[in-house]
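A.B. asks: My structure file query15.txt, compact mmCIF, N, CA and C atoms, is below:
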# COMPACT_ATOMS: atom_id res chain seq x y z
N MET Q 1 96.62 95.30 93.48
CA MET Q 1 97.67 95.78 92.63
C MET Q 1 97.53 95.20 91.22
N ARG Q 2 97.10 93.95 91.10
CA ARG Q 2 96.94 93.35 89.79
C ARG Q 2 95.88 94.05 88.96
N GLU Q 3 94.93 94.68 89.61
CA GLU Q 3 93.88 95.39 88.89
C GLU Q 3 94.47 96.52 88.03
N LEU Q 4 95.56 97.12 88.49
CA LEU Q 4 96.18 98.21 87.75
C LEU Q 4 96.79 97.74 86.43
N THR Q 5 97.12 96.46 86.35
CA THR Q 5 97.73 95.95 85.12
C THR Q 5 96.72 95.88 83.97
N ALA Q 6 95.47 96.15 84.24
CA ALA Q 6 94.47 96.23 83.16
C ALA Q 6 94.77 97.42 82.25
N LEU Q 7 95.43 98.44 82.79
CA LEU Q 7 95.75 99.62 82.01
C LEU Q 7 96.91 99.32 81.05
N ARG Q 8 96.81 99.87 79.87
CA ARG Q 8 97.86 99.70 78.88
C ARG Q 8 99.13 100.37 79.39
N GLY Q 9 100.24 99.66 79.30
CA GLY Q 9 101.52 100.21 79.71
C GLY Q 9 101.88 99.96 81.16
N LEU Q 10 100.94 99.50 81.96
CA LEU Q 10 101.24 99.23 83.36
C LEU Q 10 101.39 97.72 83.55
N ASP Q 11 102.62 97.29 83.63
CA ASP Q 11 102.86 95.90 83.96
C ASP Q 11 102.97 95.79 85.47
N ILE Q 12 103.30 94.62 85.94
CA ILE Q 12 103.31 94.39 87.40
C ILE Q 12 104.39 95.23 88.10
N VAL Q 13 105.50 95.50 87.42
CA VAL Q 13 106.58 96.28 88.03
C VAL Q 13 106.14 97.72 88.25
N ILE Q 14 105.56 98.33 87.23
CA ILE Q 14 105.12 99.72 87.37
C ILE Q 14 103.97 99.82 88.36
N ALA Q 15 103.05 98.85 88.31
CA ALA Q 15 101.94 98.86 89.27
C ALA Q 15 102.45 98.73 90.70
N ALA Q 16 103.43 97.85 90.91
CA ALA Q 16 103.99 97.67 92.24
C ALA Q 16 104.69 98.94 92.72
N ALA Q 17 105.40 99.61 91.82
CA ALA Q 17 106.09 100.84 92.20
C ALA Q 17 105.10 101.93 92.58
N VAL Q 18 104.01 102.04 91.83
CA VAL Q 18 103.00 103.06 92.12
C VAL Q 18 102.33 102.77 93.46
N VAL Q 19 101.95 101.52 93.67
CA VAL Q 19 101.28 101.14 94.92
C VAL Q 19 102.23 101.31 96.11
N ALA Q 20 103.50 100.95 95.93
CA ALA Q 20 104.46 101.10 97.02
C ALA Q 20 104.68 102.57 97.36
N GLU Q 21 104.70 103.41 96.35
CA GLU Q 21 104.91 104.84 96.58
C GLU Q 21 103.71 105.49 97.26
N VAL Q 22 102.51 105.12 96.82
CA VAL Q 22 101.30 105.75 97.35
C VAL Q 22 100.93 105.18 98.71
N GLY Q 23 101.03 103.87 98.86
CA GLY Q 23 100.61 103.23 100.11
C GLY Q 23 99.12 103.00 100.09
N ASP Q 24 98.35 103.94 100.58
CA ASP Q 24 96.90 103.81 100.66
C ASP Q 24 96.25 104.86 99.77
N PHE Q 25 95.56 104.40 98.74
CA PHE Q 25 94.91 105.32 97.80
C PHE Q 25 93.74 106.06 98.45
N ALA Q 26 93.23 105.55 99.54
CA ALA Q 26 92.08 106.18 100.20
C ALA Q 26 92.44 107.54 100.79
N ARG Q 27 93.71 107.82 100.98
CA ARG Q 27 94.07 109.12 101.54
C ARG Q 27 93.98 110.26 100.52
N PHE Q 28 93.76 109.91 99.27
CA PHE Q 28 93.57 110.92 98.22
C PHE Q 28 92.08 110.96 97.88
N GLU Q 29 91.43 112.06 98.23
CA GLU Q 29 89.98 112.14 98.04
C GLU Q 29 89.58 112.32 96.59
N ASN Q 30 90.50 112.80 95.75
CA ASN Q 30 90.20 112.93 94.33
C ASN Q 30 91.49 112.71 93.53
N PRO Q 31 91.37 112.45 92.22
CA PRO Q 31 92.56 112.15 91.43
C PRO Q 31 93.52 113.32 91.30
N ARG Q 32 93.02 114.55 91.40
CA ARG Q 32 93.92 115.70 91.29
C ARG Q 32 94.96 115.71 92.40
N ARG Q 33 94.55 115.27 93.58
CA ARG Q 33 95.51 115.22 94.69
C ARG Q 33 96.62 114.21 94.40
N LEU Q 34 96.24 113.09 93.80
CA LEU Q 34 97.24 112.07 93.45
C LEU Q 34 98.16 112.59 92.34
N MET Q 35 97.60 113.29 91.37
CA MET Q 35 98.42 113.88 90.31
C MET Q 35 99.43 114.87 90.89
N SER Q 36 98.96 115.64 91.85
CA SER Q 36 99.84 116.60 92.52
C SER Q 36 100.91 115.89 93.33
N TYR Q 37 100.55 114.78 93.96
CA TYR Q 37 101.49 114.00 94.75
C TYR Q 37 102.65 113.50 93.88
N PHE Q 38 102.36 113.14 92.65
CA PHE Q 38 103.39 112.67 91.73
C PHE Q 38 104.09 113.81 91.00
N GLY Q 39 103.68 115.04 91.22
CA GLY Q 39 104.33 116.18 90.59
C GLY Q 39 104.01 116.36 89.13
N LEU Q 40 102.81 115.96 88.73
CA LEU Q 40 102.42 116.02 87.32
C LEU Q 40 101.48 117.19 87.01
N VAL Q 41 101.32 118.11 87.95
CA VAL Q 41 100.45 119.26 87.73
C VAL Q 41 101.30 120.47 87.33
N PRO Q 42 100.74 121.38 86.56
CA PRO Q 42 101.50 122.57 86.16
C PRO Q 42 101.80 123.46 87.36
N GLY Q 43 102.99 124.02 87.36
CA GLY Q 43 103.38 124.96 88.41
C GLY Q 43 103.18 126.38 87.93
N GLU Q 44 103.40 127.30 88.83
CA GLU Q 44 103.30 128.72 88.46
C GLU Q 44 104.25 129.52 89.32
N PHE Q 45 104.71 130.62 88.78
CA PHE Q 45 105.50 131.58 89.53
C PHE Q 45 104.66 132.83 89.62
N SER Q 46 104.33 133.22 90.84
CA SER Q 46 103.49 134.40 90.99
C SER Q 46 104.15 135.38 91.95
N SER Q 47 104.07 136.62 91.55
CA SER Q 47 104.61 137.69 92.36
C SER Q 47 103.71 138.90 92.15
N GLY Q 48 103.06 139.32 93.21
CA GLY Q 48 102.14 140.43 93.08
C GLY Q 48 100.96 140.05 92.21
N SER Q 49 100.70 140.84 91.20
CA SER Q 49 99.56 140.55 90.32
C SER Q 49 99.95 139.73 89.09
N SER Q 50 101.25 139.49 88.91
CA SER Q 50 101.67 138.72 87.73
C SER Q 50 101.76 137.24 88.07
N ILE Q 51 101.26 136.42 87.15
CA ILE Q 51 101.31 134.97 87.30
C ILE Q 51 101.90 134.41 86.02
N ARG Q 52 103.00 133.68 86.17
CA ARG Q 52 103.64 133.07 85.00
C ARG Q 52 103.59 131.56 85.14
N PRO Q 53 103.06 130.89 84.13
CA PRO Q 53 102.99 129.42 84.20
C PRO Q 53 104.38 128.80 84.08
N ARG Q 54 104.55 127.68 84.72
CA ARG Q 54 105.80 126.92 84.67
C ARG Q 54 105.50 125.53 84.17
N GLY Q 55 106.52 124.71 84.12
CA GLY Q 55 106.35 123.30 83.78
C GLY Q 55 105.74 122.56 84.96
N ILE Q 56 105.80 121.26 84.92
CA ILE Q 56 105.23 120.47 86.01
C ILE Q 56 106.03 120.71 87.29
N THR Q 57 105.39 120.47 88.42
CA THR Q 57 106.01 120.78 89.71
C THR Q 57 107.13 119.82 90.09
N LYS Q 58 107.10 118.60 89.60
CA LYS Q 58 108.11 117.57 89.86
C LYS Q 58 108.23 117.23 91.35
N ALA Q 59 107.12 117.31 92.06
CA ALA Q 59 107.11 116.88 93.46
C ALA Q 59 107.05 115.35 93.48
N GLY Q 60 107.33 114.77 94.59
CA GLY Q 60 107.20 113.33 94.71
C GLY Q 60 108.37 112.58 94.10
N SER Q 61 108.17 111.31 93.89
CA SER Q 61 109.22 110.42 93.43
C SER Q 61 109.49 110.60 91.94
N SER Q 62 110.72 110.95 91.61
CA SER Q 62 111.08 111.10 90.20
C SER Q 62 111.13 109.73 89.50
N ASP Q 63 111.45 108.68 90.25
CA ASP Q 63 111.50 107.34 89.66
C ASP Q 63 110.12 106.87 89.22
N VAL Q 64 109.12 107.04 90.08
CA VAL Q 64 107.76 106.63 89.72
C VAL Q 64 107.22 107.51 88.61
N ARG Q 65 107.55 108.79 88.65
CA ARG Q 65 107.10 109.70 87.59
C ARG Q 65 107.69 109.27 86.25
N ALA Q 66 108.94 108.85 86.24
CA ALA Q 66 109.57 108.35 85.00
C ALA Q 66 108.88 107.09 84.51
N LEU Q 67 108.49 106.21 85.42
CA LEU Q 67 107.77 105.00 85.03
C LEU Q 67 106.40 105.35 84.43
N LEU Q 68 105.75 106.35 85.00
CA LEU Q 68 104.46 106.78 84.46
C LEU Q 68 104.61 107.37 83.06
N PHE Q 69 105.70 108.10 82.84
CA PHE Q 69 105.95 108.64 81.50
C PHE Q 69 106.16 107.50 80.50
N GLU Q 70 106.91 106.47 80.92
CA GLU Q 70 107.13 105.32 80.04
C GLU Q 70 105.81 104.64 79.67
N ALA Q 71 104.93 104.50 80.66
CA ALA Q 71 103.63 103.88 80.39
C ALA Q 71 102.79 104.76 79.48
N ALA Q 72 102.89 106.07 79.64
CA ALA Q 72 102.08 106.99 78.86
C ALA Q 72 102.45 106.99 77.39
N TRP Q 73 103.68 106.65 77.05
CA TRP Q 73 104.09 106.62 75.65
C TRP Q 73 103.26 105.62 74.85
N LEU Q 74 102.76 104.58 75.48
CA LEU Q 74 101.99 103.56 74.74
C LEU Q 74 100.63 104.06 74.28
N TYR Q 75 100.17 105.15 74.83
CA TYR Q 75 98.86 105.68 74.43
C TYR Q 75 98.93 106.47 73.12
N ARG Q 76 100.11 106.50 72.48
CA ARG Q 76 100.22 107.05 71.13
C ARG Q 76 99.60 106.10 70.13
N LEU Q 77 99.56 104.82 70.48
CA LEU Q 77 99.08 103.78 69.58
C LEU Q 77 97.57 103.68 69.64
N LYS Q 78 96.97 103.24 68.54
CA LYS Q 78 95.51 103.13 68.47
C LYS Q 78 94.99 102.17 69.53
N PRO Q 79 93.83 102.49 70.10
CA PRO Q 79 93.25 101.61 71.12
C PRO Q 79 92.89 100.25 70.55
N LYS Q 80 93.28 99.22 71.27
CA LYS Q 80 92.90 97.86 70.89
C LYS Q 80 93.10 96.95 72.09
N VAL Q 81 92.39 95.84 72.07
CA VAL Q 81 92.58 94.81 73.07
C VAL Q 81 93.13 93.60 72.31
N GLY Q 82 94.43 93.45 72.35
CA GLY Q 82 95.08 92.37 71.63
C GLY Q 82 95.09 91.08 72.44
N GLN Q 83 95.71 90.08 71.87
CA GLN Q 83 95.79 88.77 72.53
C GLN Q 83 96.52 88.87 73.87
N TRP Q 84 97.61 89.63 73.90
CA TRP Q 84 98.37 89.78 75.14
C TRP Q 84 97.50 90.42 76.23
N SER Q 85 96.72 91.41 75.87
CA SER Q 85 95.85 92.07 76.84
C SER Q 85 94.77 91.13 77.34
N LEU Q 86 94.21 90.33 76.45
CA LEU Q 86 93.18 89.37 76.86
C LEU Q 86 93.71 88.38 77.87
N VAL Q 87 94.92 87.88 77.65
CA VAL Q 87 95.53 86.93 78.59
C VAL Q 87 95.82 87.61 79.92
N ARG Q 88 96.35 88.81 79.85
CA ARG Q 88 96.72 89.53 81.08
C ARG Q 88 95.50 89.95 81.88
N GLN Q 89 94.39 90.26 81.21
CA GLN Q 89 93.20 90.74 81.89
C GLN Q 89 92.21 89.64 82.24
N LYS Q 90 92.56 88.40 82.00
CA LYS Q 90 91.62 87.29 82.15
C LYS Q 90 91.00 87.22 83.55
N ASP Q 91 91.77 87.37 84.59
CA ASP Q 91 91.28 87.21 85.96
C ASP Q 91 90.91 88.53 86.64
N LEU Q 92 90.90 89.61 85.91
CA LEU Q 92 90.63 90.92 86.51
C LEU Q 92 89.13 91.22 86.49
N SER Q 93 88.72 92.13 87.34
CA SER Q 93 87.29 92.49 87.42
C SER Q 93 86.85 93.23 86.16
N GLN Q 94 85.58 93.14 85.87
CA GLN Q 94 85.02 93.82 84.70
C GLN Q 94 85.12 95.33 84.86
N ALA Q 95 85.00 95.82 86.08
CA ALA Q 95 85.11 97.27 86.31
C ALA Q 95 86.50 97.77 85.92
N ALA Q 96 87.54 97.02 86.28
CA ALA Q 96 88.91 97.41 85.92
C ALA Q 96 89.10 97.38 84.41
N LYS Q 97 88.54 96.38 83.75
CA LYS Q 97 88.65 96.28 82.29
C LYS Q 97 87.93 97.45 81.61
N ASP Q 98 86.77 97.80 82.13
CA ASP Q 98 86.01 98.91 81.56
C ASP Q 98 86.76 100.24 81.72
N ILE Q 99 87.33 100.46 82.89
CA ILE Q 99 88.10 101.69 83.13
C ILE Q 99 89.32 101.72 82.22
N ALA Q 100 89.97 100.56 82.04
CA ALA Q 100 91.16 100.49 81.19
C ALA Q 100 90.81 100.80 79.74
N TRP Q 101 89.68 100.30 79.26
CA TRP Q 101 89.26 100.59 77.89
C TRP Q 101 88.92 102.06 77.72
N LYS Q 102 88.23 102.61 78.69
CA LYS Q 102 87.90 104.04 78.66
C LYS Q 102 89.19 104.87 78.65
N ALA Q 103 90.19 104.42 79.41
CA ALA Q 103 91.49 105.11 79.44
C ALA Q 103 92.15 105.07 78.07
N GLN Q 104 92.11 103.91 77.42
CA GLN Q 104 92.73 103.81 76.10
C GLN Q 104 92.10 104.79 75.12
N LEU Q 105 90.78 104.83 75.11
CA LEU Q 105 90.09 105.72 74.18
C LEU Q 105 90.39 107.19 74.48
N ARG Q 106 90.27 107.56 75.74
CA ARG Q 106 90.47 108.97 76.11
C ARG Q 106 91.92 109.42 75.93
N LEU Q 107 92.87 108.61 76.38
CA LEU Q 107 94.27 109.03 76.35
C LEU Q 107 94.84 109.03 74.93
N TYR Q 108 94.40 108.09 74.09
CA TYR Q 108 94.81 108.13 72.69
C TYR Q 108 94.28 109.40 72.02
N GLY Q 109 93.02 109.71 72.28
CA GLY Q 109 92.43 110.93 71.72
C GLY Q 109 93.13 112.18 72.23
N ARG Q 110 93.47 112.18 73.49
CA ARG Q 110 94.16 113.32 74.09
C ARG Q 110 95.52 113.54 73.43
N TYR Q 111 96.28 112.46 73.27
CA TYR Q 111 97.59 112.56 72.63
C TYR Q 111 97.45 113.07 71.20
N GLN Q 112 96.50 112.52 70.46
CA GLN Q 112 96.30 112.92 69.07
C GLN Q 112 95.91 114.39 68.96
N ARG Q 113 94.98 114.83 69.82
CA ARG Q 113 94.55 116.23 69.79
C ARG Q 113 95.72 117.17 70.09
N LEU Q 114 96.52 116.81 71.09
CA LEU Q 114 97.62 117.69 71.47
C LEU Q 114 98.69 117.77 70.40
N THR Q 115 99.01 116.63 69.78
CA THR Q 115 100.09 116.64 68.79
C THR Q 115 99.62 117.06 67.41
N GLN Q 116 98.45 116.62 66.96
CA GLN Q 116 98.00 116.87 65.60
C GLN Q 116 97.29 118.22 65.47
N ILE Q 117 96.40 118.53 66.40
CA ILE Q 117 95.59 119.74 66.26
C ILE Q 117 96.27 120.95 66.92
N ARG Q 118 96.77 120.73 68.14
CA ARG Q 118 97.36 121.87 68.85
C ARG Q 118 98.86 122.00 68.61
N HIS Q 119 99.45 121.04 67.89
CA HIS Q 119 100.86 121.07 67.49
C HIS Q 119 101.82 121.18 68.67
N LYS Q 120 101.50 120.45 69.73
CA LYS Q 120 102.40 120.40 70.89
C LYS Q 120 103.50 119.37 70.63
N ARG Q 121 104.62 119.54 71.29
CA ARG Q 121 105.69 118.55 71.19
C ARG Q 121 105.22 117.25 71.83
N SER Q 122 105.76 116.15 71.36
CA SER Q 122 105.31 114.86 71.86
C SER Q 122 105.59 114.70 73.36
N GLN Q 123 106.69 115.28 73.86
CA GLN Q 123 107.00 115.18 75.27
C GLN Q 123 105.95 115.90 76.12
N VAL Q 124 105.46 117.02 75.63
CA VAL Q 124 104.43 117.77 76.35
C VAL Q 124 103.13 116.98 76.36
N ALA Q 125 102.81 116.38 75.22
CA ALA Q 125 101.59 115.57 75.13
C ALA Q 125 101.67 114.35 76.04
N VAL Q 126 102.81 113.71 76.10
CA VAL Q 126 102.97 112.53 76.95
C VAL Q 126 102.87 112.91 78.42
N THR Q 127 103.34 114.08 78.78
CA THR Q 127 103.20 114.55 80.16
C THR Q 127 101.73 114.72 80.51
N ALA Q 128 100.95 115.28 79.59
CA ALA Q 128 99.51 115.44 79.83
C ALA Q 128 98.83 114.09 79.91
N VAL Q 129 99.23 113.16 79.08
CA VAL Q 129 98.66 111.81 79.10
C VAL Q 129 99.02 111.11 80.41
N ALA Q 130 100.25 111.27 80.87
CA ALA Q 130 100.67 110.65 82.14
C ALA Q 130 99.84 111.21 83.30
N ARG Q 131 99.56 112.51 83.26
CA ARG Q 131 98.75 113.12 84.32
C ARG Q 131 97.36 112.50 84.34
N GLU Q 132 96.75 112.33 83.17
CA GLU Q 132 95.42 111.72 83.12
C GLU Q 132 95.47 110.23 83.43
N LEU Q 133 96.56 109.57 83.09
CA LEU Q 133 96.72 108.15 83.41
C LEU Q 133 96.67 107.95 84.92
N VAL Q 134 97.25 108.87 85.66
CA VAL Q 134 97.20 108.79 87.13
C VAL Q 134 95.75 108.86 87.61
N GLY Q 135 94.93 109.63 86.94
CA GLY Q 135 93.51 109.68 87.29
C GLY Q 135 92.83 108.33 87.10
N PHE Q 136 93.16 107.63 86.03
CA PHE Q 136 92.60 106.30 85.80
C PHE Q 136 93.16 105.28 86.79
N ILE Q 137 94.42 105.43 87.17
CA ILE Q 137 95.00 104.57 88.21
C ILE Q 137 94.23 104.76 89.51
N TRP Q 138 93.95 106.00 89.85
CA TRP Q 138 93.20 106.30 91.07
C TRP Q 138 91.82 105.65 91.01
N ALA Q 139 91.15 105.74 89.86
CA ALA Q 139 89.81 105.18 89.72
C ALA Q 139 89.81 103.67 89.91
N ILE Q 140 90.77 102.98 89.30
CA ILE Q 140 90.84 101.53 89.45
C ILE Q 140 91.18 101.16 90.89
N ALA Q 141 92.12 101.88 91.48
CA ALA Q 141 92.53 101.57 92.85
C ALA Q 141 91.38 101.77 93.84
N ARG Q 142 90.60 102.82 93.65
CA ARG Q 142 89.50 103.07 94.57
C ARG Q 142 88.34 102.09 94.38
N ASN Q 143 88.18 101.53 93.16
CA ASN Q 143 87.11 100.59 92.89
C ASN Q 143 87.48 99.14 93.18
N ALA Q 144 88.77 98.88 93.40
CA ALA Q 144 89.23 97.51 93.61
C ALA Q 144 88.72 96.95 94.93
N GLU Q 145 88.29 95.71 94.91
CA GLU Q 145 87.86 95.05 96.14
C GLU Q 145 89.08 94.75 97.00
N GLY Q 146 88.91 94.91 98.29
CA GLY Q 146 90.00 94.62 99.21
C GLY Q 146 90.99 95.75 99.36
N GLY Q 147 90.83 96.79 98.56
CA GLY Q 147 91.70 97.96 98.67
C GLY Q 147 93.05 97.72 98.05
N MET Q 148 93.80 98.79 97.89
CA MET Q 148 95.12 98.72 97.29
C MET Q 148 96.19 99.20 98.26
N ALA Q 149 95.90 99.19 99.53
CA ALA Q 149 96.85 99.72 100.50
C ALA Q 149 97.98 98.73 100.70
N VAL Q 150 99.18 99.28 100.88
CA VAL Q 150 100.32 98.47 101.25
C VAL Q 150 100.29 98.32 102.75
N ARG Q 151 100.32 97.12 103.22
CA ARG Q 151 100.22 96.91 104.66
C ARG Q 151 101.50 96.30 105.19
Show how you would write the structure in this file as structure tokens.
C.D. replies:
Amino acid sequence: MRELTALRGLDIVIAAAVVAEVGDFARFENPRRLMSYFGLVPGEFSSGSSIRPRGITKAGSSDVRALLFEAAWLYRLKPKVGQWSLVRQKDLSQAAKDIAWKAQLRLYGRYQRLTQIRHKRSQVAVTAVARELVGFIWAIARNAEGGMAVR
């Protein structure tokens, strides 16, 4: 669970909530399944040949989804590893640190592209960032030694 705190915006409380909600990350064979579990994937209304896109499905725990949105807001800020991050990441594996840095770069870019270039509302951009953040959570959890299952 501490490995998840390498990600920006995920402190021990949010990491604990995510791990408690998921239980065993091994039951999700890919990150899309985990994103769907948290209700962060786009929905659709289809009838006959017409398909109309909807907002996110909102399946799963609304409390954990709200925590993920709160964490995703921090990816509006430029990527950096500050003093606080260095102290917090001191005992974590290099793989978790590398994934966390990759997440900072990708999610900051994603937020900027959605808001600056595509002119999306910030709430829509943060939802997309939260969805991708779940993918990085899955990657760290699956790479962590000893597993992340709640026993």
A.B. asks: Calculated over only N, CA and C atoms, which of the candidates Q:Ala72, Q:Val126, Q:Val41, Q:Ala66 has the smallest distance to Q:Gly9?
C.D. replies: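 The shortest atom-to-atom distance to Q:Gly9 comes from Q:Ala72.
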A.B. asks: Given only C-alpha atoms as the basis, pick out the residue of Q:Val19, Q:Leu10, Q:Ala26, Q:Ala100 nearest to Q:Pro79.
C.D. replies: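 Nearest to Q:Pro79: Q:Ala100.
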A.B. asks: Taking into account only C-alpha atoms, which residue in the set Q:Gly39, Q:Trp73, Q:Ile51, Q:Met1 is nearest to Q:Val13?
C.D. replies: Q:Met1
A.B. asks: Write out as a PyMOL selection string all residues of stretch 26-90 of chain Q that DSSP puts in alpha helix (DSSP H) for this structure's backbone.
C.D. replies: chain Q and resi 31-37+62-72+83-88
A.B. asks: Report, in Å to a single decimal, how far apart atom N of Q:Asp24 and atom C of Q:Arg8 are.
C.D. replies: 21.5 Å
A.B. asks: Between atom CA of Q:Ala144 and atom CA of Q:Ser93, what is the spacing in Å?
C.D. replies: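 Computed distance, atom CA of Q:Ser93 to atom CA of Q:Ala144, equals 8.2 Å.
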A.B. asks: Please provide the set of residues having any atom within 7 Å of stretch 15-17 of chain Q, restricted to all atoms listed in the file, with same-chain residues fewer than 3 positions apart removed, written as a PyMOL selection string.
C.D. replies: chain Q and resi 1+4-5+10-12+20-22+64
A.B. asks: Take atom N of Q:Gln104 and atom N of Q:Tyr75 and report the distance between them in Å, one decimal.
C.D. replies: 8.6 Å
A.B. asks: From a backbone DSSP assignment, name each residue in chain Q labelled strand (DSSP E), as number ranges by chain.
C.D. replies: Q: 42-47, 50-56
A.B. asks: As AutoDock Vina command-line options, please: the centre and edge lengths in Å, to one decimal, of an axis-aligned box enclosing every listed atom of stretch 45-63 of chain Q with 6 Å added on each side.
C.D. replies:
--center_x 105.5 --center_y 123.9 --center_z 89.2 --size_x 23.9 --size_y 46.0 --size_z 22.9
A.B. asks: Taking (94.4, 106.6, 91.5) in the coordinates of the supplied file, I want to know which residues reach to within 10 Å of it, counting only C-alpha atoms; could you give the answer as a list of chain:residue names?
C.D. replies: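 The distance filter leaves exactly Q:Leu4, Q:Val18, Q:Val19, Q:Val22, Q:Asp24, Q:Phe25, Q:Ala26, Q:Phe28, Q:Glu29, Q:Asn30, Q:Pro31, Q:Arg32, Q:Arg33, Q:Leu34, Q:Met35, Q:Glu132, Q:Leu133, Q:Val134, Q:Gly135, Q:Phe136, Q:Ile137, Q:Trp138, Q:Ala139, Q:Ile140, Q:Ala141, Q:Arg142, Q:Asn143, Q:Met148.
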A.B. asks: Neighbouring residues of Q:Pro53 were defined as those with any atom within 8 Å, considering only C-alpha atoms; residues of the same chain fewer than 5 positions away were excluded. Please report them as a PyMOL selection string.
C.D. replies: chain Q and resi 42-45
A.B. asks: How would you write as a list of chain:residue names the residues that get within 8 Å of (101.1, 111.7, 77.5) in the file's frame, counting all atoms listed in the file?
C.D. replies: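 Taken together, the residues in range are Q:Leu68, Q:Phe69, Q:Ala71, Q:Ala72, Q:Trp73, Q:Leu74, Q:Tyr75, Q:Arg76, Q:Leu107, Q:Arg110, Q:Tyr111, Q:Ser122, Q:Gln123, Q:Val124, Q:Ala125, Q:Val126, Q:Thr127, Q:Ala128, Q:Val129, Q:Ala130, Q:Arg131, Q:Glu132, Q:Leu133.
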